[in-house]
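Chemist: The following block contains the structure, expressed as structure tokens.
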Amino acid sequence: MLNILQYDPYLEPYKEDLSLRLFEFARTKKRLLGMEGRLSDFANGHKYFGFQQERHNWTFREWAPNAEKAFLVGDFNEWEGSQHELKAAYGGVWEIAVPGRLPLGSKVKVKLVINGTEVYRVPSYAMYAVQNEYLELDGVIVEPKYEFKHKSPVLKDTAPLIYEAHIGISSEEYKINSYKEFTADVLPRIKKAGYNTIQLMAIMEHPLYASFGYQVSNFFAVSSRFGSPEDLMELIDTAHGMGLRVLLDVVHSHAVKNVGDGLNLFDGSSAQYFHAGSRGEHEAWNTKLFNYGKDEVIHFLLSNLKFWLETYHFDGFRFDGVTSMLYHHHGLGTSFDNYDKYFSMDTDIEAAVYLMLANELVRQVNPNATMIAEDMSAMPGMALPISEGGIGFDYRLSMGVPDYWIKQFKEKSDEELNLMELWWELTTRRPGEKNIGYAESHDQALVGDKTLMMWLANEAIYDSMDIHTDSLIINRALALHKLVRLVTFSLAGEGYLNFMGNEFGHPEWLDFPREGNQESYQHARRQWSLSENENLRFKYLLKFDQDMIALEHNHKFLKQGGSLQQCWIKNQDKLLAYRKGTLLFVFNFHPNREQKLSLYMPSRPELIFDTDDNKYGGFGPRSSFTYQEKNKKLELLLAERTAMVFQFSS
């Protein structure tokens with residue numbers, strides 16, 4: 001059970017900590033399921049709570065153990081509710097059964113009497129909620145009807161190539177975009193770009209648009225800003241028909257503080273879903289923290305995962321805020337520079353066990369699902385199977401890589417690029433664990449920061465990106481943008497992620513409409529037309545990204561991490577070369593000097609990719625190469641800030 005020690009012998013002193021993790025996992029399962037139960041049978045809260053249409057009547061159930069009375073109120077009973085009083089059942093559950101059909105489309109809330117006071121709450125299992133005239137959320141009774149036409153595609157040999165997307169900002173217009181418009185306009189772009197997986201953000205209902213979807217109020221409800229549940233189902237089904245998998249960016253690390261809209265003080269007690277006192281507060285995020293040791297909370301969250309898999313046919317999850325979950329200090333101000341930081345009294349064992357339960361559940365519901373952890377701490381075993389002593393995710397995000405690039409271009413000159421540091425940053429992994437590499441995600445573009453292209457080009461991006469203007473700043477920006485992406489794509493993970501629009505160097509930053517920017521949509525949209533304008537150089541970056549992504553489709557080298565072989569690295573000359581799979585990558589990062597390089601190659605390679613190609617906005621072909629059959633030498637002359645990729649027979 002502790003095969004993890006074979007991957008990393010340095011974990012031997014922490015064998016008891018790893019054993020404790022597995023013991024608590026087994027003990028929790030036994031408590032929840034008995035001796036032979038399955039998590040997939042346990043995680044059915046969405047089939048019991050909320051509104052359920054039965055043969056001759058509909059029922060509604062809510063869990064509110066601290067309430068004295070409960071009523072179902074809405075516009076179908078003029079918000080009065082005396083004729084829809086719920087009866088107390090076992091374990092703090094309240095329920096009502098009403099003959100006939102559900103009053104679909106009705107706005108609804110639960111009225112609870114707590115300490116003699118009436119309070120109103122959106123049902124915890126509501127599938128839909130909309131803002132009312134008081135800017136508060138009302139639940140809406142829905143029974144989505146959609147017939148899925150396509151099966152979920154399965155990734156076989158090709159690595160996950162992930163397109164991180166936000167529905168609301170996906171239009172070029174100054175507005176909030178819709179599921180339907182995303183389906184019609186953006187899905188074809190993603191397919192053409194070559195990505196095989198979409199990661200959707202901000203799907204779970206959240207009151208504050210500017211929270212980017214990370215302050216969730218209603219965990220079973222799709223964001224009504226973008227459309228209806230059926231619209232999201234159609235989006236996912238259409239993506240499946242195009243061969244695209246769809247992951248949900250799931251937020252189980254915390255919840256919004258709003259009282260009435262969400263779970264906070266739902267039944268009047270602070271400890272219903274969350275930890276009581278300061279442990280239930282995330283001071284930096286101003287949100288509430290779940291109690292992962294409470295059976296009812298585990299049931300709620302696991303049911304939530306099964307719900308999204310079964311009801312909407314998502315193909316897996318990217319778990320947000322895993323570091324915050326794993327440690328009582330939430331990773332704030334902590335440098336994880338030795339193993340003691342992973343295994344201490346600061347480690348939240350209950351959270352680790354919940355993540356293990358989540359991974360086992362998802363495997364039972366959909367064995368082909370993809371599970372990705374956003375963990376900056378690099379907790380040992382995060383992306384190892386539970387059977388080997390791990391937590392069970394397929395991948396962790398290579399979160400240090402984008403920070404590395406931003407720091408490089410923000411604080412250092414090009415001459416100060418340290419290739420040994422770069423190699424270490426891009427290739428160092430937890431033993432046996434797979435990563436998703438990326439140069440930048442939505443995090444690097446939030447207001448207060450800038451996209452990678454903006455760090456490279458700054459103001460010149462506004463007046464020097466046309467193809468007729470010769471600009472040293474833009475020439476450098478384009479060249480480095482391509483090098484950064486290619487070296488990150490090929491080295492930083494067994495999969496790759498790109499945020500919507502960054503593939504063509506989307507300018508500026510992300511900022512949602514708010515009082516501080518006069519409710520402007522200027523930075524809450526995607527300017528697709530920049531990449532479609534034949535007179536602008538953004539088109540070169542788009543073409544480059546498409547052909548770079550095609551390298552994985554054609555050569556399937558990302559998953560072959562064990563085949564990585566460094567061929568040359570010399571910081572003084574800024575030269576880097578390595579083999580991966582059947583490909584050879586050669587980089588010249590020098591800012592102003594072409595470089596010669598001689599490499600032993602057992603067979604004649606074929607040049608298949610040149611970042612300096614004219615179709616990518618380069619000046620090539622400037623670089624050249626010859627192959628000496630006699631001594632098996634590949635002689636290269638590389639132009640400054642360029643890279644070439646060769647294919648050779650294995």
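Residue names in the structure tokens use chain letters A, B, ... in the order shown, residue numbers from 1 in each chain, and ligand numbers from 1 in the order shown.
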Can you check which residues of segment 155-324 of chain A DSSP gives as helix (DSSP H, G or I) on the backbone and send them as a PyMOL selection string?

Modeler: chain A and resi 179-193+209-211+229-241+277-280+295-312+322-324

Chemist: Could you pull the residues within 6 Å of Leu326 of chain A, counting only C-alpha atoms, minus those fewer than 3 positions along the same chain, as a list of chain:residue names?

Modeler: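 Residues near the query, excluding close chain neighbours: A:Thr323, A:Thr347, A:Asp348, A:Ala351.
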
Chemist: Would you put the residues from that selection into a file with all heavy atoms, as a short mmCIF file (atom, residue, chain, number, x, y, z; two decimals), in the first residue's frame?

Modeler:
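As a result, part-v3.cif now contains:
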data_model
loop_
_atom_site.label_atom_id
_atom_site.label_comp_id
_atom_site.auth_asym_id
_atom_site.auth_seq_id
_atom_site.Cartn_x
_atom_site.Cartn_y
_atom_site.Cartn_z
N THR A 323 -4.33 23.41 -2.25
CA THR A 323 -3.36 23.77 -1.20
C THR A 323 -4.07 24.36 0.00
O THR A 323 -3.74 24.05 1.16
CB THR A 323 -2.33 24.77 -1.74
OG1 THR A 323 -1.73 24.23 -2.93
CG2 THR A 323 -1.23 25.03 -0.72
N THR A 347 -1.15 20.06 8.81
CA THR A 347 -1.77 19.31 7.72
C THR A 347 -3.19 18.90 8.11
O THR A 347 -3.42 18.37 9.20
CB THR A 347 -0.94 18.06 7.39
OG1 THR A 347 0.40 18.43 7.12
CG2 THR A 347 -1.52 17.34 6.18
N ASP A 348 -4.13 19.16 7.21
CA ASP A 348 -5.53 18.81 7.46
C ASP A 348 -5.80 17.42 6.89
O ASP A 348 -6.08 17.27 5.69
CB ASP A 348 -6.45 19.85 6.80
CG ASP A 348 -7.90 19.71 7.23
OD1 ASP A 348 -8.31 18.59 7.58
OD2 ASP A 348 -8.63 20.72 7.21
N ALA A 351 -9.16 16.86 5.14
CA ALA A 351 -9.24 17.36 3.77
C ALA A 351 -8.57 16.40 2.80
O ALA A 351 -9.08 16.14 1.70
CB ALA A 351 -8.60 18.75 3.69
#

Chemist: Against segment 294-300 of chain A, which residues of segment 189-239 of chain A fall within 12 Å? For each one I want the closest pair of atoms and the distance in Å (one decimal), counting only C-alpha atoms, rows by chain and increasing residue number, as a Markdown table.

Modeler:
| residue | atom | partner | partner_atom | distance |
| --- | --- | --- | --- | --- |
| A:Asn218 | CA | A:Phe300 | CA | 11.8 |
| A:Phe219 | CA | A:Phe300 | CA | 9.3 |
| A:Phe220 | CA | A:Phe300 | CA | 10.0 |

Chemist: Please save N, CA, C and O atoms of the selected residues as a JSON list (two decimals), in the first residue's frame.

Modeler:
[["chain", "number", "residue", "atom", "x", "y", "z"],
["A", 218, "ASN", "N", -24.24, 28.40, -4.82],
["A", 218, "ASN", "CA", -25.17, 27.30, -5.07],
["A", 218, "ASN", "C", -24.44, 26.22, -5.87],
["A", 218, "ASN", "O", -24.22, 26.36, -7.08],
["A", 219, "PHE", "N", -24.10, 25.15, -5.20],
["A", 219, "PHE", "CA", -23.15, 24.18, -5.74],
["A", 219, "PHE", "C", -23.76, 23.27, -6.81],
["A", 219, "PHE", "O", -23.03, 22.67, -7.60],
["A", 220, "PHE", "N", -25.08, 23.17, -6.84],
["A", 220, "PHE", "CA", -25.74, 22.32, -7.84],
["A", 220, "PHE", "C", -26.37, 23.14, -8.97],
["A", 220, "PHE", "O", -27.01, 22.58, -9.85]]

Chemist: List as a PyMOL selection string the protein and nucleic acid residues near Ser40 of chain A, meaning an atom at most 7 Å away when only C-alpha atoms are counted, but skip any in the same chain fewer than 2 places from it.

Modeler: chain A and resi 38+42-43+361+364-365

Chemist: Convert the current residue selection to file output with C-alpha atoms, as an mmCIF file, in the first residue's frame.

Modeler:
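File produced: out13.cif:
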data_model
loop_
_atom_site.group_PDB
_atom_site.id
_atom_site.type_symbol
_atom_site.label_atom_id
_atom_site.label_comp_id
_atom_site.auth_asym_id
_atom_site.auth_seq_id
_atom_site.Cartn_x
_atom_site.Cartn_y
_atom_site.Cartn_z
ATOM 1 C CA ARG A 38 -19.670 1.843 -2.644
ATOM 2 C CA PHE A 42 -23.576 6.773 -1.192
ATOM 3 C CA ALA A 43 -23.190 10.012 -3.186
ATOM 4 C CA LEU A 361 -15.957 8.234 -6.340
ATOM 5 C CA GLN A 364 -16.467 4.601 -9.944
ATOM 6 C CA VAL A 365 -18.869 6.897 -11.780
#

Chemist: What's around segment 397-410 of chain A at 9 Å? Count only C-alpha atoms, leave out sequence neighbours fewer than 5 positions away in its own chain, and write the answer as a PyMOL selection string.

Modeler: chain A and resi 372-376+416-417+422+425-426+429+434-441+444+451-452+455-456+484+488+492-493+497

Chemist: Please produce an output containing N, CA and C atoms for each residue in the selection, written as a short mmCIF file (atom, residue, chain, number, x, y, z; two decimals), in the first residue's frame.

Modeler:
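The resulting file, result-v5.cif, is shown below:
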data_model
loop_
_atom_site.label_atom_id
_atom_site.label_comp_id
_atom_site.auth_asym_id
_atom_site.auth_seq_id
_atom_site.Cartn_x
_atom_site.Cartn_y
_atom_site.Cartn_z
N ILE A 372 -7.58 16.72 -12.01
CA ILE A 372 -6.42 17.60 -11.95
C ILE A 372 -6.48 18.40 -10.65
N ALA A 373 -5.36 18.49 -9.97
CA ALA A 373 -5.28 19.20 -8.70
C ALA A 373 -4.51 20.50 -8.86
N GLU A 374 -5.10 21.59 -8.36
CA GLU A 374 -4.38 22.86 -8.29
C GLU A 374 -3.71 22.93 -6.92
N ASP A 375 -2.50 22.41 -6.86
CA ASP A 375 -1.76 22.36 -5.59
C ASP A 375 -0.38 22.95 -5.77
N MET A 376 -0.15 24.10 -5.20
CA MET A 376 1.15 24.76 -5.32
C MET A 376 2.19 24.18 -4.37
N GLU A 416 20.10 37.61 -18.57
CA GLU A 416 20.13 36.99 -17.25
C GLU A 416 19.32 35.69 -17.18
N LEU A 417 18.74 35.28 -18.28
CA LEU A 417 18.03 34.00 -18.28
C LEU A 417 19.02 32.89 -17.96
N LEU A 422 16.03 27.27 -15.58
CA LEU A 422 14.88 27.00 -16.44
C LEU A 422 14.66 25.49 -16.57
N GLU A 425 13.22 24.15 -13.38
CA GLU A 425 11.83 24.56 -13.17
C GLU A 425 10.87 23.76 -14.04
N LEU A 426 11.29 23.48 -15.28
CA LEU A 426 10.38 22.83 -16.22
C LEU A 426 10.37 21.31 -16.12
N ARG A 429 9.75 17.20 -11.13
CA ARG A 429 8.42 16.74 -10.74
C ARG A 429 8.53 15.90 -9.47
N LYS A 434 2.36 12.95 -12.70
CA LYS A 434 2.23 13.69 -13.94
C LYS A 434 1.75 15.12 -13.69
N ASN A 435 2.20 16.01 -14.55
CA ASN A 435 1.86 17.42 -14.43
C ASN A 435 1.16 17.93 -15.67
N ILE A 436 0.41 19.01 -15.51
CA ILE A 436 -0.10 19.81 -16.63
C ILE A 436 0.75 21.07 -16.69
N GLY A 437 1.50 21.23 -17.77
CA GLY A 437 2.35 22.40 -17.92
C GLY A 437 1.59 23.56 -18.54
N TYR A 438 2.00 24.77 -18.19
CA TYR A 438 1.41 25.95 -18.82
C TYR A 438 2.29 27.17 -18.59
N ALA A 439 2.29 28.07 -19.56
CA ALA A 439 3.09 29.29 -19.45
C ALA A 439 2.32 30.39 -18.74
N GLU A 440 1.00 30.38 -18.89
CA GLU A 440 0.14 31.35 -18.21
C GLU A 440 -1.28 30.82 -18.24
N SER A 441 -2.04 31.14 -17.19
CA SER A 441 -3.46 30.80 -17.12
C SER A 441 -4.22 32.08 -16.82
N GLN A 444 -2.54 34.70 -14.24
CA GLN A 444 -1.50 35.67 -14.59
C GLN A 444 -2.06 36.90 -15.32
N THR A 451 -0.96 39.94 -19.15
CA THR A 451 -0.66 38.73 -19.89
C THR A 451 0.82 38.71 -20.23
N LEU A 452 1.32 37.53 -20.58
CA LEU A 452 2.72 37.39 -20.94
C LEU A 452 3.08 38.29 -22.12
N TRP A 455 3.62 41.80 -20.90
CA TRP A 455 4.92 41.98 -20.24
C TRP A 455 6.03 42.12 -21.26
N LEU A 456 5.90 41.42 -22.39
CA LEU A 456 6.94 41.45 -23.41
C LEU A 456 6.85 42.68 -24.30
N VAL A 484 8.94 30.70 -25.28
CA VAL A 484 8.39 30.37 -23.96
C VAL A 484 7.33 29.28 -24.10
N THR A 488 7.93 25.38 -22.75
CA THR A 488 6.99 25.00 -21.69
C THR A 488 6.11 23.85 -22.14
N ALA A 492 7.23 21.03 -19.55
CA ALA A 492 6.66 21.32 -18.22
C ALA A 492 5.59 20.34 -17.76
N GLY A 493 5.22 19.37 -18.58
CA GLY A 493 4.19 18.45 -18.12
C GLY A 493 3.90 17.35 -19.11
N LEU A 497 -1.85 23.31 -20.84
CA LEU A 497 -3.02 24.18 -20.65
C LEU A 497 -2.75 25.57 -21.20
#

Chemist: So that I can see what lies close to Phe148 of chain A, please list as a VMD selection string the residues with an atom at most 10 Å from it, counting only C-alpha atoms and leaving out residues fewer than 5 positions away in the same chain.

Modeler: chain A and resid 233 to 234 236 to 238 240 to 241 312 to 313

Chemist: Write the residues of the preceding selection, restricted to N, CA and C atoms, as an mmCIF file, in the first residue's frame.

Modeler:
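Dumped everything to result_29.cif:
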data_model
loop_
_atom_site.group_PDB
_atom_site.id
_atom_site.type_symbol
_atom_site.label_atom_id
_atom_site.label_comp_id
_atom_site.auth_asym_id
_atom_site.auth_seq_id
_atom_site.Cartn_x
_atom_site.Cartn_y
_atom_site.Cartn_z
ATOM 1 N N MET A 233 -25.997 21.840 -21.162
ATOM 2 C CA MET A 233 -25.995 20.459 -21.638
ATOM 3 C C MET A 233 -25.715 20.402 -23.133
ATOM 4 N N GLU A 234 -26.347 21.305 -23.875
ATOM 5 C CA GLU A 234 -26.127 21.343 -25.322
ATOM 6 C C GLU A 234 -24.679 21.696 -25.646
ATOM 7 N N ILE A 236 -21.970 21.034 -23.839
ATOM 8 C CA ILE A 236 -21.120 19.887 -23.565
ATOM 9 C C ILE A 236 -21.342 18.789 -24.599
ATOM 10 N N ASP A 237 -22.589 18.556 -24.959
ATOM 11 C CA ASP A 237 -22.911 17.532 -25.957
ATOM 12 C C ASP A 237 -22.301 17.883 -27.307
ATOM 13 N N THR A 238 -22.387 19.160 -27.690
ATOM 14 C CA THR A 238 -21.802 19.612 -28.952
ATOM 15 C C THR A 238 -20.286 19.448 -28.936
ATOM 16 N N HIS A 240 -18.622 17.252 -27.209
ATOM 17 C CA HIS A 240 -18.359 15.819 -27.342
ATOM 18 C C HIS A 240 -18.469 15.383 -28.799
ATOM 19 N N GLY A 241 -19.432 15.914 -29.508
ATOM 20 C CA GLY A 241 -19.589 15.583 -30.917
ATOM 21 C C GLY A 241 -18.420 16.055 -31.768
ATOM 22 N N TYR A 312 -24.751 16.496 -16.279
ATOM 23 C CA TYR A 312 -24.233 17.346 -17.361
ATOM 24 C C TYR A 312 -23.175 16.660 -18.214
ATOM 25 N N HIS A 313 -22.764 15.452 -17.855
ATOM 26 C CA HIS A 313 -21.796 14.662 -18.624
ATOM 27 C C HIS A 313 -20.414 15.316 -18.694
#

Chemist: Quick check, in Å to one decimal: how far apart do atom CA of Tyr14 of chain A and atom CA of Arg363 of chain A lie?

Modeler: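 Computing it gives 27.5 Å between the two atoms.
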
Chemist: Running DSSP on the backbone, which parts of segment 24-161 of chain A land in strand (DSSP E or B), as a VMD selection string?

Modeler: chain A and resid 50 to 53 57 to 63 69 to 74 85 87 to 88 93 to 99 107 to 114 117 to 121 129 to 131 137 to 140 161

Chemist: Could you save the residues just selected, with N, CA and C atoms, as a short mmCIF file (atom, residue, chain, number, x, y, z; two decimals), in the first residue's frame?

Modeler:
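Final output, saved to result_37.cif:
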data_model
loop_
_atom_site.label_atom_id
_atom_site.label_comp_id
_atom_site.auth_asym_id
_atom_site.auth_seq_id
_atom_site.Cartn_x
_atom_site.Cartn_y
_atom_site.Cartn_z
N GLY A 50 -33.74 18.34 -2.29
CA GLY A 50 -34.24 19.23 -3.32
C GLY A 50 -35.57 18.75 -3.86
N PHE A 51 -35.86 19.12 -5.08
CA PHE A 51 -37.14 18.76 -5.69
C PHE A 51 -37.00 17.45 -6.44
N GLN A 52 -37.90 16.51 -6.15
CA GLN A 52 -37.90 15.21 -6.80
C GLN A 52 -39.30 14.93 -7.34
N GLN A 53 -39.38 14.68 -8.64
CA GLN A 53 -40.66 14.34 -9.25
C GLN A 53 -40.86 12.83 -9.18
N ASN A 57 -46.65 12.34 -7.28
CA ASN A 57 -46.47 13.56 -6.48
C ASN A 57 -45.02 14.04 -6.60
N TRP A 58 -44.79 15.25 -6.14
CA TRP A 58 -43.41 15.73 -6.04
C TRP A 58 -43.08 15.95 -4.58
N THR A 59 -41.82 15.71 -4.26
CA THR A 59 -41.36 15.89 -2.89
C THR A 59 -40.23 16.91 -2.87
N PHE A 60 -40.09 17.52 -1.70
CA PHE A 60 -38.97 18.44 -1.48
C PHE A 60 -38.38 18.15 -0.11
N ARG A 61 -37.06 18.06 -0.06
CA ARG A 61 -36.37 17.81 1.21
C ARG A 61 -35.21 18.78 1.38
N GLU A 62 -35.00 19.16 2.62
CA GLU A 62 -33.90 20.06 2.96
C GLU A 62 -33.30 19.63 4.29
N TRP A 63 -31.98 19.78 4.40
CA TRP A 63 -31.29 19.47 5.65
C TRP A 63 -31.02 20.76 6.42
N LYS A 69 -38.88 25.24 12.51
CA LYS A 69 -39.93 24.98 11.54
C LYS A 69 -39.37 25.26 10.14
N ALA A 70 -40.04 24.70 9.12
CA ALA A 70 -39.59 24.92 7.75
C ALA A 70 -40.80 24.98 6.83
N PHE A 71 -40.76 25.92 5.88
CA PHE A 71 -41.85 26.10 4.91
C PHE A 71 -41.23 26.27 3.52
N LEU A 72 -41.95 25.81 2.52
CA LEU A 72 -41.55 26.06 1.15
C LEU A 72 -42.38 27.22 0.63
N VAL A 73 -41.69 28.30 0.22
CA VAL A 73 -42.41 29.49 -0.25
C VAL A 73 -41.91 29.85 -1.64
N GLY A 74 -42.78 30.52 -2.39
CA GLY A 74 -42.40 30.95 -3.73
C GLY A 74 -43.52 31.69 -4.39
N GLU A 85 -45.99 23.58 4.60
CA GLU A 85 -45.09 23.40 5.73
C GLU A 85 -44.43 22.03 5.64
N LYS A 87 -42.37 18.76 7.16
CA LYS A 87 -42.38 17.98 8.39
C LYS A 87 -40.96 17.56 8.75
N ALA A 88 -40.69 17.50 10.04
CA ALA A 88 -39.38 17.08 10.51
C ALA A 88 -39.22 15.58 10.31
N VAL A 93 -33.54 16.46 8.79
CA VAL A 93 -34.11 16.61 7.45
C VAL A 93 -35.57 17.06 7.57
N TRP A 94 -35.95 17.99 6.70
CA TRP A 94 -37.34 18.45 6.58
C TRP A 94 -37.86 18.05 5.21
N GLU A 95 -39.15 17.65 5.15
CA GLU A 95 -39.66 17.19 3.86
C GLU A 95 -41.15 17.48 3.71
N ILE A 96 -41.55 17.51 2.43
CA ILE A 96 -42.96 17.70 2.09
C ILE A 96 -43.23 16.93 0.81
N ALA A 97 -44.43 16.34 0.70
CA ALA A 97 -44.87 15.66 -0.51
C ALA A 97 -46.18 16.29 -0.96
N VAL A 98 -46.23 16.65 -2.24
CA VAL A 98 -47.41 17.34 -2.79
C VAL A 98 -47.89 16.58 -4.02
N PRO A 99 -49.18 16.27 -4.12
CA PRO A 99 -49.69 15.57 -5.30
C PRO A 99 -49.52 16.41 -6.57
N LYS A 107 -40.22 30.63 -8.86
CA LYS A 107 -39.16 31.06 -7.95
C LYS A 107 -39.50 30.56 -6.56
N VAL A 108 -38.48 30.13 -5.82
CA VAL A 108 -38.75 29.43 -4.58
C VAL A 108 -37.64 29.67 -3.56
N LYS A 109 -38.03 29.62 -2.28
CA LYS A 109 -37.07 29.64 -1.18
C LYS A 109 -37.60 28.76 -0.05
N VAL A 110 -36.69 28.44 0.84
CA VAL A 110 -37.09 27.76 2.07
C VAL A 110 -37.17 28.81 3.16
N LYS A 111 -38.32 28.85 3.84
CA LYS A 111 -38.45 29.74 5.00
C LYS A 111 -38.23 28.89 6.25
N LEU A 112 -37.22 29.26 7.02
CA LEU A 112 -36.91 28.54 8.24
C LEU A 112 -37.20 29.43 9.44
N VAL A 113 -37.69 28.80 10.49
CA VAL A 113 -37.88 29.51 11.76
C VAL A 113 -36.74 29.09 12.68
N ILE A 114 -35.91 30.07 13.07
CA ILE A 114 -34.73 29.81 13.89
C ILE A 114 -34.77 30.75 15.09
N THR A 117 -37.29 33.39 14.82
CA THR A 117 -37.16 34.37 13.73
C THR A 117 -37.23 33.67 12.38
N GLU A 118 -37.94 34.29 11.43
CA GLU A 118 -38.06 33.74 10.09
C GLU A 118 -36.89 34.20 9.21
N VAL A 119 -36.25 33.24 8.52
CA VAL A 119 -35.19 33.56 7.56
C VAL A 119 -35.49 32.82 6.27
N TYR A 120 -34.95 33.33 5.17
CA TYR A 120 -35.23 32.77 3.85
C TYR A 120 -33.91 32.31 3.21
N ARG A 121 -33.93 31.12 2.64
CA ARG A 121 -32.73 30.53 2.06
C ARG A 121 -33.03 29.93 0.69
N ALA A 129 -30.77 29.28 -10.05
CA ALA A 129 -31.08 30.43 -9.21
C ALA A 129 -30.88 31.70 -10.02
N VAL A 130 -31.72 32.69 -9.78
CA VAL A 130 -31.64 33.97 -10.50
C VAL A 130 -31.69 35.12 -9.50
N GLN A 131 -31.11 36.24 -9.89
CA GLN A 131 -31.15 37.41 -9.03
C GLN A 131 -32.51 38.09 -9.10
N LEU A 137 -30.45 36.16 -4.55
CA LEU A 137 -30.78 35.02 -5.38
C LEU A 137 -32.08 34.35 -4.93
N ASP A 138 -32.89 33.96 -5.90
CA ASP A 138 -34.05 33.11 -5.68
C ASP A 138 -33.80 31.78 -6.37
N GLY A 139 -34.16 30.68 -5.72
CA GLY A 139 -34.12 29.41 -6.39
C GLY A 139 -35.20 29.34 -7.45
N VAL A 140 -34.98 28.54 -8.47
CA VAL A 140 -35.97 28.34 -9.52
C VAL A 140 -36.17 26.84 -9.69
N LEU A 161 -4.76 18.30 -23.88
CA LEU A 161 -4.40 19.63 -24.37
C LEU A 161 -5.57 20.54 -24.01
#
